[in-house]
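Engineer: This is input-v5.pdb, which holds PDB, C-alpha atoms:
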MODEL        1
ATOM      1  CA  MET A 197     115.517  74.274  98.516
ATOM      2  CA  GLY A 198     118.092  74.970 101.206
ATOM      3  CA  THR A 199     120.500  77.749 102.017
ATOM      4  CA  MET A 200     123.904  78.172 100.392
ATOM      5  CA  PRO A 201     126.009  80.437 102.615
ATOM      6  CA  LEU A 202     128.523  82.708 100.972
ATOM      7  CA  MET A 203     131.139  84.324 103.167
ATOM      8  CA  GLY A 204     132.512  87.599 101.898
ATOM      9  CA  THR A 205     132.211  86.709  98.195
ATOM     10  CA  PRO A 206     132.908  89.260  95.460
ATOM     11  CA  THR A 207     130.672  89.611  92.406
ATOM     12  CA  ASP A 208     132.398  86.893  90.386
ATOM     13  CA  GLU A 209     132.012  84.298  93.135
ATOM     14  CA  LEU A 210     128.365  85.208  93.630
ATOM     15  CA  LEU A 211     127.915  84.867  89.876
ATOM     16  CA  HIS A 212     129.478  81.402  90.092
ATOM     17  CA  GLU A 213     127.041  80.402  92.832
ATOM     18  CA  LEU A 214     124.075  81.641  90.823
ATOM     19  CA  THR A 215     125.091  79.813  87.655
ATOM     20  CA  ARG A 216     126.056  76.658  89.560
ATOM     21  CA  ALA A 217     122.582  76.722  91.127
ATOM     22  CA  GLY A 218     121.033  76.743  87.680
ATOM     23  CA  VAL A 219     119.995  80.389  87.408
ATOM     24  CA  ARG A 220     119.438  81.000  83.693
ATOM     25  CA  PRO A 221     118.524  83.862  81.367
ATOM     26  CA  GLY A 222     114.885  84.765  81.892
ATOM     27  CA  ASP A 223     114.934  83.857  85.590
ATOM     28  CA  GLU A 224     114.267  86.374  88.336
ATOM     29  CA  VAL A 225     116.485  86.764  91.397
ATOM     30  CA  ILE A 226     115.266  88.801  94.370
ATOM     31  CA  VAL A 227     117.847  91.197  95.827
ATOM     32  CA  PRO A 228     117.856  94.194  98.166
ATOM     33  CA  SER A 229     118.200  97.645  96.627
ATOM     34  CA  TYR A 230     119.786  99.151  99.748
ATOM     35  CA  GLY A 231     123.520  98.527  99.959
ATOM     36  CA  THR A 232     126.013  97.910  97.180
ATOM     37  CA  SER A 233     124.898  96.912  93.693
ATOM     38  CA  GLU A 234     127.115  93.809  93.832
ATOM     39  CA  ALA A 235     124.245  91.324  94.105
ATOM     40  CA  ALA A 236     122.250  92.943  91.296
ATOM     41  CA  GLU A 237     125.359  93.054  89.107
ATOM     42  CA  ALA A 238     125.979  89.333  89.583
ATOM     43  CA  VAL A 239     122.353  88.600  88.668
ATOM     44  CA  LEU A 240     122.688  90.597  85.440
ATOM     45  CA  LEU A 241     125.917  88.797  84.576
ATOM     46  CA  ALA A 242     124.072  85.500  85.005
ATOM     47  CA  GLY A 243     121.575  86.709  82.409
ATOM     48  CA  ALA A 244     118.770  86.905  84.948
ATOM     49  CA  ARG A 245     116.653  89.850  86.072
ATOM     50  CA  PRO A 246     117.235  91.426  89.502
ATOM     51  CA  VAL A 247     113.991  92.073  91.359
ATOM     52  CA  PHE A 248     114.483  94.734  94.023
ATOM     53  CA  VAL A 249     112.620  94.529  97.321
ATOM     54  CA  ASP A 250     112.551  96.542 100.529
ATOM     55  CA  ILE A 251     114.614  96.117 103.667
ATOM     56  CA  ASP A 252     113.768  95.617 107.304
ATOM     57  CA  ALA A 253     113.806  99.017 109.009
ATOM     58  CA  HIS A 254     115.993  97.827 111.891
ATOM     59  CA  SER A 255     118.562  95.435 110.413
ATOM     60  CA  TYR A 256     118.822  97.084 106.954
ATOM     61  CA  CYS A 257     118.778  93.555 105.516
ATOM     62  CA  ILE A 258     116.289  92.225 102.997
ATOM     63  CA  ASP A 259     112.774  91.936 104.459
ATOM     64  CA  PRO A 260     111.363  88.365 104.321
ATOM     65  CA  ALA A 261     107.813  89.744 104.038
ATOM     66  CA  ALA A 262     108.831  91.803 101.013
ATOM     67  CA  VAL A 263     110.492  88.744  99.494
ATOM     68  CA  ALA A 264     107.307  86.721  99.940
ATOM     69  CA  GLU A 265     105.295  89.369  98.092
ATOM     70  CA  ALA A 266     107.784  89.496  95.213
ATOM     71  CA  LEU A 267     107.894  85.754  94.485
ATOM     72  CA  THR A 268     106.658  84.683  91.050
ATOM     73  CA  PRO A 269     106.885  81.431  89.062
ATOM     74  CA  ARG A 270     110.037  82.892  87.464
ATOM     75  CA  THR A 271     111.851  83.410  90.791
ATOM     76  CA  ALA A 272     114.941  81.201  90.858
ATOM     77  CA  ALA A 273     116.791  82.582  93.879
ATOM     78  CA  VAL A 274     116.986  85.157  96.649
ATOM     79  CA  VAL A 275     120.262  86.871  97.580
ATOM     80  CA  ALA A 276     120.179  87.815 101.272
ATOM     81  CA  VAL A 277     122.917  90.373 101.883
ATOM     82  CA  HIS A 278     124.255  90.680 105.431
ATOM     83  CA  THR A 279     124.343  94.466 105.785
ATOM     84  CA  PHE A 280     126.823  96.510 107.855
ATOM     85  CA  GLY A 281     127.675  93.377 109.870
ATOM     86  CA  HIS A 282     124.089  92.526 110.822
ATOM     87  CA  PRO A 283     123.063  89.099 109.484
ATOM     88  CA  ALA A 284     119.969  88.751 107.342
ATOM     89  CA  ASP A 285     117.071  86.703 108.742
ATOM     90  CA  MET A 286     118.244  83.465 107.180
ATOM     91  CA  ALA A 287     115.875  81.273 109.197
ATOM     92  CA  ALA A 288     112.780  83.041 107.846
ATOM     93  CA  LEU A 289     114.199  83.291 104.335
ATOM     94  CA  THR A 290     115.290  79.657 104.244
ATOM     95  CA  ALA A 291     111.855  78.513 105.383
ATOM     96  CA  LEU A 292     110.281  80.665 102.694
ATOM     97  CA  GLY A 293     112.655  79.284 100.080
ATOM     98  CA  ARG A 294     111.876  75.704 101.020
ATOM     99  CA  ARG A 295     108.135  76.297 100.781
ATOM    100  CA  HIS A 296     108.460  77.743  97.293
ATOM    101  CA  GLY A 297     111.409  75.762  95.929
ATOM    102  CA  VAL A 298     113.599  78.849  95.723
ATOM    103  CA  LEU A 299     117.316  78.937  96.503
ATOM    104  CA  VAL A 300     118.402  81.381  99.226
ATOM    105  CA  ILE A 301     122.005  82.601  99.068
ATOM    106  CA  GLY A 302     123.545  84.401 102.030
ATOM    107  CA  HIS A 303     126.032  87.017 100.923
ATOM    108  CA  GLY A 304     128.315  89.637 102.407
ATOM    109  CA  ALA A 305     129.475  88.232 105.751
ATOM    110  CA  VAL A 306     133.129  89.070 106.425
ATOM    111  CA  ARG A 307     135.665  86.757 108.045
ATOM    112  CA  GLU A 308     138.099  88.556 110.352
ATOM    113  CA  PRO A 309     139.982  87.879 113.591
ATOM    114  CA  ALA A 310     137.733  87.417 116.607
ATOM    115  CA  GLY A 311     139.716  90.010 118.563
ATOM    116  CA  GLU A 312     138.895  92.732 116.040
ATOM    117  CA  ILE A 313     135.213  91.856 116.134
ATOM    118  CA  LEU A 314     135.185  91.963 119.923
ATOM    119  CA  ARG A 315     136.874  95.355 120.030
ATOM    120  CA  ARG A 316     134.481  96.789 117.481
ATOM    121  CA  GLN A 317     131.537  95.367 119.423
ATOM    122  CA  ALA A 318     132.889  96.948 122.600
ATOM    123  CA  ASN A 319     133.249 100.298 120.855
ATOM    124  CA  ALA A 320     129.726  99.984 119.500
ATOM    125  CA  ALA A 321     128.397  99.195 122.974
ATOM    126  CA  TYR A 322     130.100 102.342 124.309
ATOM    127  CA  LEU A 323     128.519 104.479 121.599
ATOM    128  CA  ASP A 324     125.138 102.807 122.159
ATOM    129  CA  GLY A 325     125.227 103.832 125.793
ATOM    130  CA  LYS A 326     126.440 107.409 125.297
ATOM    131  CA  LEU A 327     124.933 108.786 122.089
ATOM    132  CA  ARG A 328     121.886 111.040 122.315
ATOM    133  CA  GLY A 329     119.895 112.689 119.558
ATOM    134  CA  VAL A 330     120.573 109.962 116.983
ATOM    135  CA  LEU A 331     119.051 106.490 116.689
ATOM    136  CA  THR A 332     121.713 103.874 117.400
ATOM    137  CA  PRO A 333     121.837 100.525 115.553
ATOM    138  CA  ALA A 334     119.221  97.934 116.439
ATOM    139  CA  VAL A 335     120.223  94.277 116.796
ATOM    140  CA  ALA A 336     117.724  91.461 116.330
ATOM    141  CA  PRO A 337     117.457  89.003 119.266
ATOM    142  CA  GLY A 338     119.789  86.042 119.090
ATOM    143  CA  VAL A 339     122.128  87.352 116.391
ATOM    144  CA  GLU A 340     125.657  88.752 116.442
ATOM    145  CA  HIS A 341     126.270  92.157 114.920
ATOM    146  CA  THR A 342     129.930  92.542 113.930
ATOM    147  CA  TYR A 343     129.614  96.280 113.154
ATOM    148  CA  GLN A 344     131.460  96.384 109.862
ATOM    149  CA  GLN A 345     129.822  99.788 109.886
ATOM    150  CA  TYR A 346     128.229 101.556 112.857
ATOM    151  CA  VAL A 347     125.167 103.124 111.246
ATOM    152  CA  VAL A 348     122.907 105.585 113.041
ATOM    153  CA  ARG A 349     119.827 107.459 111.891
ATOM    154  CA  VAL A 350     119.859 111.241 112.128
ATOM    155  CA  PRO A 351     116.560 112.773 113.267
ATOM    156  CA  GLY A 352     114.902 115.660 111.498
ATOM    157  CA  ASN A 353     113.737 115.986 107.911
ATOM    158  CA  GLY A 354     115.754 113.260 106.251
ATOM    159  CA  ARG A 355     118.610 113.924 103.862
ATOM    160  CA  PRO A 356     119.090 117.702 104.367
ATOM    161  CA  ASP A 357     119.465 117.320 108.128
ATOM    162  CA  ARG A 358     121.608 114.183 107.818
ATOM    163  CA  ASP A 359     123.979 115.804 105.351
ATOM    164  CA  ALA A 360     124.291 118.967 107.453
ATOM    165  CA  PHE A 361     124.917 116.785 110.500
ATOM    166  CA  ALA A 362     127.689 114.927 108.667
ATOM    167  CA  ARG A 363     129.367 118.124 107.473
ATOM    168  CA  THR A 364     129.429 119.517 110.991
ATOM    169  CA  LEU A 365     130.861 116.298 112.432
ATOM    170  CA  ARG A 366     133.639 116.334 109.844
ATOM    171  CA  SER A 367     134.414 119.950 110.672
ATOM    172  CA  ARG A 368     134.912 118.792 114.272
ATOM    173  CA  GLY A 369     137.325 116.044 113.275
ATOM    174  CA  VAL A 370     134.902 113.102 113.276
ATOM    175  CA  VAL A 371     135.282 110.888 110.220
ATOM    176  CA  CYS A 372     131.862 109.762 109.021
ATOM    177  CA  HIS A 373     130.185 108.852 105.740
ATOM    178  CA  VAL A 374     126.813 108.124 104.201
ATOM    179  CA  PRO A 375     126.801 104.329 103.808
ATOM    180  CA  VAL A 376     124.380 104.236 100.851
ATOM    181  CA  GLN A 377     124.023 107.375  98.766
ATOM    182  CA  THR A 378     121.683 105.957  96.121
ATOM    183  CA  PRO A 379     119.763 102.661  96.289
ATOM    184  CA  ALA A 380     120.476 100.369  93.339
ATOM    185  CA  HIS A 381     116.974 100.676  91.868
ATOM    186  CA  ARG A 382     117.518 104.421  91.400
ATOM    187  CA  THR A 383     120.872 104.134  89.612
ATOM    188  CA  ALA A 384     121.134 104.462  85.828
ATOM    189  CA  ARG A 385     122.182 100.826  85.398
ATOM    190  CA  PHE A 386     119.326  99.265  87.351
ATOM    191  CA  ARG A 387     116.610 101.923  87.297
ATOM    192  CA  ARG A 388     113.135 100.666  88.238
ATOM    193  CA  ASP A 389     109.941 102.600  88.807
ATOM    194  CA  LEU A 390     109.578 101.465  92.415
ATOM    195  CA  TRP A 391     108.865 103.011  95.779
ATOM    196  CA  LEU A 392     110.618 101.039  98.518
ATOM    197  CA  ALA A 393     109.684 103.028 101.601
ATOM    198  CA  GLU A 394     112.240 101.725 104.122
ATOM    199  CA  THR A 395     115.014 101.728 101.544
ATOM    200  CA  GLU A 396     114.330 105.368 100.659
ATOM    201  CA  ARG A 397     114.100 106.382 104.311
ATOM    202  CA  ALA A 398     117.375 104.662 105.176
ATOM    203  CA  ALA A 399     119.136 106.315 102.244
ATOM    204  CA  ASP A 400     117.983 109.718 103.517
ATOM    205  CA  GLU A 401     118.630 109.260 107.254
ATOM    206  CA  CYS A 402     121.584 106.910 107.764
ATOM    207  CA  LEU A 403     125.122 107.898 108.667
ATOM    208  CA  ALA A 404     128.081 105.644 109.468
ATOM    209  CA  LEU A 405     130.170 106.723 112.459
ATOM    210  CA  PRO A 406     133.698 105.466 113.225
ATOM    211  CA  VAL A 407     133.905 102.296 115.306
ATOM    212  CA  ASP A 408     137.306 100.937 114.280
ATOM    213  CA  PRO A 409     138.903  98.341 116.593
ATOM    214  CA  ALA A 410     141.957 100.558 117.146
ATOM    215  CA  MET A 411     139.969 103.584 118.358
ATOM    216  CA  SER A 412     140.877 104.887 121.785
ATOM    217  CA  ARG A 413     138.367 105.826 124.452
ATOM    218  CA  ARG A 414     139.279 109.483 123.912
ATOM    219  CA  GLU A 415     138.455 109.179 120.197
ATOM    220  CA  LEU A 416     135.125 107.563 121.012
ATOM    221  CA  GLN A 417     134.389 110.341 123.501
ATOM    222  CA  ARG A 418     135.059 112.920 120.783
ATOM    223  CA  VAL A 419     132.487 111.214 118.554
ATOM    224  CA  VAL A 420     129.956 111.214 121.383
ATOM    225  CA  SER A 421     130.541 114.865 122.287
ATOM    226  CA  ALA A 422     130.211 116.057 118.698
ATOM    227  CA  CYS A 423     127.106 113.991 117.967
ATOM    228  CA  ASN A 424     125.330 114.788 121.211
ATOM    229  CA  ALA A 425     125.832 118.536 120.842
ATOM    230  CA  LEU A 426     124.438 118.597 117.315
ATOM    231  CA  GLY A 427     121.921 115.783 117.758
ATOM    232  CA  GLY A 428     120.252 117.677 120.579
ATOM    233  CA  LEU A 429     119.896 120.762 118.400
ATOM    234  CA  LEU A 430     118.382 118.793 115.532
ATOM    235  CA  GLN A 431     116.003 117.000 117.849
ATOM    236  CA  SER A 432     114.752 120.286 119.284
ATOM    237  CA  ALA A 433     114.193 121.712 115.822
ATOM    238  CA  ALA A 434     112.341 118.641 114.499
TER
ENDMDL
END
Represent the structure contained in this file as structure tokens.
Structural biologist:
Amino acid sequence: MGTMPLMGTPTDELLHELTRAGVRPGDEVIVPSYGTSEAAEAVLLAGARPVFVDIDAHSYCIDPAAVAEALTPRTAAVVAVHTFGHPADMAALTALGRRHGVLVIGHGAVREPAGEILRRQANAAYLDGKLRGVLTPAVAPGVEHTYQQYVVRVPGNGRPDRDAFARTLRSRGVVCHVPVQTPAHRTARFRRDLWLAETERAADECLALPVDPAMSRRELQRVVSACNALGGLLQSAA
């Protein structure tokens, strides 16, 4: 089957798409665990079972190879969430869906003025070129990253170093946050006995830095200075 794009849909609209596509109780729907639980919640509301799979280590979107491994005769659909502004690999997922007769639903893209996207992309490019000691966002060839969140990886020993890094940045006036504290498959509502390696690693290492369109160059420089000073220390200790 083909692809049904959803642009910025909340849970109820995703639920409508699932039910309109014929997803019924007893069906399975493949979703990412990393990110919000919105997709999994819509699947439950449709009476189906969310099947959690791993993400691509670079885009943080659902991994087509992991989707292929999770397909069963009960799979009715795949929800491909566009994460942090990076689009999921819809070409690979759509081809996979067509081969297996499974609907692929794109979810989570955000419509906004082109000027805001361009400014955020420019801010992200500045940070890409200046930051040291953290891993800046990767962008797959041929796609547009809109940087709804500018997510870096903090080097070191995972969550303890990342959380200490974040606390120090905040103490220096840099607003930052952990984009995904707990993957959906480890929450009480959706708990599964799974080990999703890239999902777990991203949850431990990722930190979202400010990249708002209205940020001044001085504000961006403050982010760079704070991160580079601490990132260098963490890198030396790793």
Engineer: Evaluate the PyMOL selection byres ((chain A and resi 222-235) around 9) and record the selected residues as JSON, numbers by chain, following the chain and residue labels used in the document.
Structural biologist: {"A": [206, 207, 210, 211, 219, 220, 221, 236, 237, 238, 239, 240, 243, 244, 245, 246, 247, 248, 249, 250, 251, 256, 257, 258, 259, 263, 266, 267, 268, 269, 270, 271, 272, 273, 274, 275, 276, 277, 279, 280, 303, 375, 376, 377, 378, 379, 380, 381, 382, 386, 392, 395, 396, 398, 399]}
Engineer: What do you get, as a compact mmCIF listing (two decimals) with C-alpha atoms, keeping the file's coordinate frame, if you spell out every residue that the PyMOL selection byres ((chain A and resi 404) around 7) selects here?
Structural biologist:
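After the write, out-v5.txt holds the following:
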# COMPACT_ATOMS: atom_id res chain seq x y z
CA GLN A 345 129.82 99.79 109.89
CA TYR A 346 128.23 101.56 112.86
CA VAL A 347 125.17 103.12 111.25
CA VAL A 348 122.91 105.58 113.04
CA CYS A 372 131.86 109.76 109.02
CA HIS A 373 130.18 108.85 105.74
CA VAL A 374 126.81 108.12 104.20
CA PRO A 375 126.80 104.33 103.81
CA CYS A 402 121.58 106.91 107.76
CA LEU A 403 125.12 107.90 108.67
CA LEU A 405 130.17 106.72 112.46
CA PRO A 406 133.70 105.47 113.22
Engineer: Give me the residues near Gly311 (chain A) as a PyMOL selection string, where near means some atom within 9 Å (using only C-alpha atoms) and where sequence neighbours in that chain fewer than 4 positions away do not count.
Structural biologist: chain A and resi 315-316+409
Engineer: Suppose a student applies the PyMOL selection byres ((chain A and resi 353-370) around 7) to this structure; what residues should they get, written as a CSV table (one decimal) with C-alpha atoms, in the coordinates of the input?
Structural biologist:
chain,number,residue,atom,x,y,z
A,350,VAL,CA,119.9,111.2,112.1
A,351,PRO,CA,116.6,112.8,113.3
A,352,GLY,CA,114.9,115.7,111.5
A,371,VAL,CA,135.3,110.9,110.2
A,372,CYS,CA,131.9,109.8,109.0
A,400,ASP,CA,118.0,109.7,103.5
A,401,GLU,CA,118.6,109.3,107.3
A,419,VAL,CA,132.5,111.2,118.6
A,422,ALA,CA,130.2,116.1,118.7
Engineer: Could you list, as a PyMOL selection string, every residue within 12 Å of Glu308 (chain A), counting only C-alpha atoms and ignoring same-chain residues fewer than 2 positions away?
Structural biologist: chain A and resi 203-204+281+305-306+310-316+342-344+409
Engineer: Show me, as an MDAnalysis selection string, the residues that have an atom within 9 Å of region 325-328 of chain A when counting only C-alpha atoms, minus same-chain residues fewer than 2 positions from it.
Structural biologist: chainID A and resid 320:323 330:332 417 419:421 423:425 427:428
Engineer: For CA of Glu213 (chain A) and CA of Arg307 (chain A), determine how far apart the two atoms are, in Å to one decimal place.
Structural biologist: 18.6 Å
Engineer: Compare A:Ala261, A:His278, A:Pro309, A:Asp208 by their minimum atom-to-atom distance to Leu292 (chain A), counting all atoms listed in the file, and give me the closest one.
Structural biologist: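 Of the candidates, the smallest distance to Leu292 (chain A) is held by A:Ala261.
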Engineer: How many Å lie between CA of Gly304 (chain A) and CA of Ala284 (chain A), rounded to one decimal?
Structural biologist: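 Spanning CA of Gly304 (chain A) to CA of Ala284 (chain A) is a straight-line distance of 9.7 Å.
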Engineer: Residues near Arg295 (chain A), anyone? I mean within 12 Å using all atoms listed in the file, not counting same-chain ones fewer than 4 positions away, as a list in words.
Structural biologist: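 With the cut-off at 12 Å, the set is Met197, Gly198, Ala264, Leu267, Ala288, Leu289, Thr290, Ala291, Leu299 and Val300 of chain A.
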Engineer: Between CA of Ala217 (chain A) and CA of Gly302 (chain A), measure the distance and give it in Å to one decimal.
Structural biologist: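 Going from CA of Ala217 (chain A) over to CA of Gly302 (chain A) covers 13.4 Å.
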Engineer: Looking at A:Asp389, A:Glu394, A:Gln317, A:Arg294, which one is nearest to Ala262 (chain A), with distances taken over only C-alpha atoms?
Structural biologist: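 Comparing A:Asp389, A:Glu394, A:Gln317, A:Arg294 against Ala262 (chain A), the winner is A:Glu394.
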Engineer: Any chance you could build region 372-383 of chain A out to all heavy atoms and write it as a PDB file, in the frame of the given file?
Structural biologist:
ATOM      1  N   CYS A 372     133.141 110.460 109.186  1.00  0.00           N
ATOM      2  CA  CYS A 372     131.862 109.762 109.021  1.00  0.00           C
ATOM      3  C   CYS A 372     131.515 109.756 107.534  1.00  0.00           C
ATOM      4  O   CYS A 372     132.086 110.515 106.747  1.00  0.00           O
ATOM      5  CB  CYS A 372     130.759 110.446 109.828  1.00  0.00           C
ATOM      6  SG  CYS A 372     130.462 112.168 109.365  1.00  0.00           S
ATOM      7  N   HIS A 373     130.589 108.894 107.139  1.00  0.00           N
ATOM      8  CA  HIS A 373     130.185 108.852 105.740  1.00  0.00           C
ATOM      9  C   HIS A 373     128.769 108.322 105.616  1.00  0.00           C
ATOM     10  O   HIS A 373     128.263 107.645 106.520  1.00  0.00           O
ATOM     11  CB  HIS A 373     131.149 107.982 104.922  1.00  0.00           C
ATOM     12  CG  HIS A 373     131.076 106.523 105.247  1.00  0.00           C
ATOM     13  ND1 HIS A 373     131.761 105.955 106.304  1.00  0.00           N
ATOM     14  CD2 HIS A 373     130.375 105.505 104.668  1.00  0.00           C
ATOM     15  CE1 HIS A 373     131.510 104.666 106.357  1.00  0.00           C
ATOM     16  NE2 HIS A 373     130.670 104.365 105.378  1.00  0.00           N
ATOM     17  N   VAL A 374     128.144 108.655 104.511  1.00  0.00           N
ATOM     18  CA  VAL A 374     126.813 108.124 104.201  1.00  0.00           C
ATOM     19  C   VAL A 374     127.012 106.729 103.620  1.00  0.00           C
ATOM     20  O   VAL A 374     127.668 106.576 102.590  1.00  0.00           O
ATOM     21  CB  VAL A 374     126.073 109.035 103.204  1.00  0.00           C
ATOM     22  CG1 VAL A 374     124.740 108.418 102.805  1.00  0.00           C
ATOM     23  CG2 VAL A 374     125.863 110.415 103.810  1.00  0.00           C
ATOM     24  N   PRO A 375     126.482 105.692 104.254  1.00  0.00           N
ATOM     25  CA  PRO A 375     126.801 104.329 103.808  1.00  0.00           C
ATOM     26  C   PRO A 375     126.196 103.959 102.460  1.00  0.00           C
ATOM     27  O   PRO A 375     126.776 103.174 101.718  1.00  0.00           O
ATOM     28  CB  PRO A 375     126.236 103.448 104.929  1.00  0.00           C
ATOM     29  CG  PRO A 375     125.171 104.279 105.566  1.00  0.00           C
ATOM     30  CD  PRO A 375     125.647 105.689 105.472  1.00  0.00           C
ATOM     31  N   VAL A 376     125.032 104.503 102.143  1.00  0.00           N
ATOM     32  CA  VAL A 376     124.380 104.236 100.851  1.00  0.00           C
ATOM     33  C   VAL A 376     123.832 105.559 100.324  1.00  0.00           C
ATOM     34  O   VAL A 376     122.829 106.058 100.832  1.00  0.00           O
ATOM     35  CB  VAL A 376     123.243 103.198 100.979  1.00  0.00           C
ATOM     36  CG1 VAL A 376     122.573 102.970  99.613  1.00  0.00           C
ATOM     37  CG2 VAL A 376     123.761 101.884 101.537  1.00  0.00           C
ATOM     38  N   GLN A 377     124.478 106.108  99.328  1.00  0.00           N
ATOM     39  CA  GLN A 377     124.023 107.375  98.766  1.00  0.00           C
ATOM     40  C   GLN A 377     122.772 107.196  97.913  1.00  0.00           C
ATOM     41  O   GLN A 377     121.812 107.957  98.023  1.00  0.00           O
ATOM     42  CB  GLN A 377     125.133 107.987  97.901  1.00  0.00           C
ATOM     43  CG  GLN A 377     126.328 108.491  98.676  1.00  0.00           C
ATOM     44  CD  GLN A 377     126.097 109.885  99.258  1.00  0.00           C
ATOM     45  OE1 GLN A 377     125.052 110.483  99.074  1.00  0.00           O
ATOM     46  NE2 GLN A 377     127.090 110.382  99.978  1.00  0.00           N
ATOM     47  N   THR A 378     122.787 106.174  97.054  1.00  0.00           N
ATOM     48  CA  THR A 378     121.683 105.957  96.121  1.00  0.00           C
ATOM     49  C   THR A 378     121.352 104.474  96.071  1.00  0.00           C
ATOM     50  O   THR A 378     122.214 103.662  95.723  1.00  0.00           O
ATOM     51  CB  THR A 378     122.054 106.435  94.701  1.00  0.00           C
ATOM     52  OG1 THR A 378     122.489 107.792  94.754  1.00  0.00           O
ATOM     53  CG2 THR A 378     120.849 106.330  93.773  1.00  0.00           C
ATOM     54  N   PRO A 379     120.139 104.070  96.416  1.00  0.00           N
ATOM     55  CA  PRO A 379     119.763 102.661  96.289  1.00  0.00           C
ATOM     56  C   PRO A 379     119.911 102.185  94.847  1.00  0.00           C
ATOM     57  O   PRO A 379     119.769 102.977  93.899  1.00  0.00           O
ATOM     58  CB  PRO A 379     118.296 102.652  96.731  1.00  0.00           C
ATOM     59  CG  PRO A 379     118.137 103.868  97.587  1.00  0.00           C
ATOM     60  CD  PRO A 379     119.061 104.896  96.985  1.00  0.00           C
ATOM     61  N   ALA A 380     120.184 100.912  94.669  1.00  0.00           N
ATOM     62  CA  ALA A 380     120.476 100.369  93.339  1.00  0.00           C
ATOM     63  C   ALA A 380     119.349 100.616  92.350  1.00  0.00           C
ATOM     64  O   ALA A 380     119.602 100.887  91.168  1.00  0.00           O
ATOM     65  CB  ALA A 380     120.774  98.874  93.441  1.00  0.00           C
ATOM     66  N   HIS A 381     118.089 100.545  92.815  1.00  0.00           N
ATOM     67  CA  HIS A 381     116.974 100.676  91.868  1.00  0.00           C
ATOM     68  C   HIS A 381     116.811 102.092  91.344  1.00  0.00           C
ATOM     69  O   HIS A 381     116.030 102.329  90.431  1.00  0.00           O
ATOM     70  CB  HIS A 381     115.665 100.194  92.504  1.00  0.00           C
ATOM     71  CG  HIS A 381     115.051 101.150  93.459  1.00  0.00           C
ATOM     72  ND1 HIS A 381     115.470 101.296  94.764  1.00  0.00           N
ATOM     73  CD2 HIS A 381     114.024 102.033  93.312  1.00  0.00           C
ATOM     74  CE1 HIS A 381     114.734 102.208  95.369  1.00  0.00           C
ATOM     75  NE2 HIS A 381     113.857 102.671  94.516  1.00  0.00           N
ATOM     76  N   ARG A 382     117.563 103.047  91.906  1.00  0.00           N
ATOM     77  CA  ARG A 382     117.518 104.421  91.400  1.00  0.00           C
ATOM     78  C   ARG A 382     118.781 104.812  90.642  1.00  0.00           C
ATOM     79  O   ARG A 382     118.952 105.973  90.274  1.00  0.00           O
ATOM     80  CB  ARG A 382     117.261 105.397  92.561  1.00  0.00           C
ATOM     81  CG  ARG A 382     115.873 105.285  93.127  1.00  0.00           C
ATOM     82  CD  ARG A 382     115.430 106.546  93.841  1.00  0.00           C
ATOM     83  NE  ARG A 382     115.942 106.648  95.195  1.00  0.00           N
ATOM     84  CZ  ARG A 382     116.933 107.459  95.579  1.00  0.00           C
ATOM     85  NH1 ARG A 382     117.550 108.225  94.710  1.00  0.00           N
ATOM     86  NH2 ARG A 382     117.312 107.494  96.846  1.00  0.00           N
ATOM     87  N   THR A 383     119.685 103.859  90.406  1.00  0.00           N
ATOM     88  CA  THR A 383     120.872 104.134  89.612  1.00  0.00           C
ATOM     89  C   THR A 383     120.555 103.950  88.121  1.00  0.00           C
ATOM     90  O   THR A 383     119.585 103.271  87.757  1.00  0.00           O
ATOM     91  CB  THR A 383     122.033 103.210  89.999  1.00  0.00           C
ATOM     92  OG1 THR A 383     121.670 101.845  89.716  1.00  0.00           O
ATOM     93  CG2 THR A 383     122.367 103.343  91.487  1.00  0.00           C
TER      94      THR A 383
END
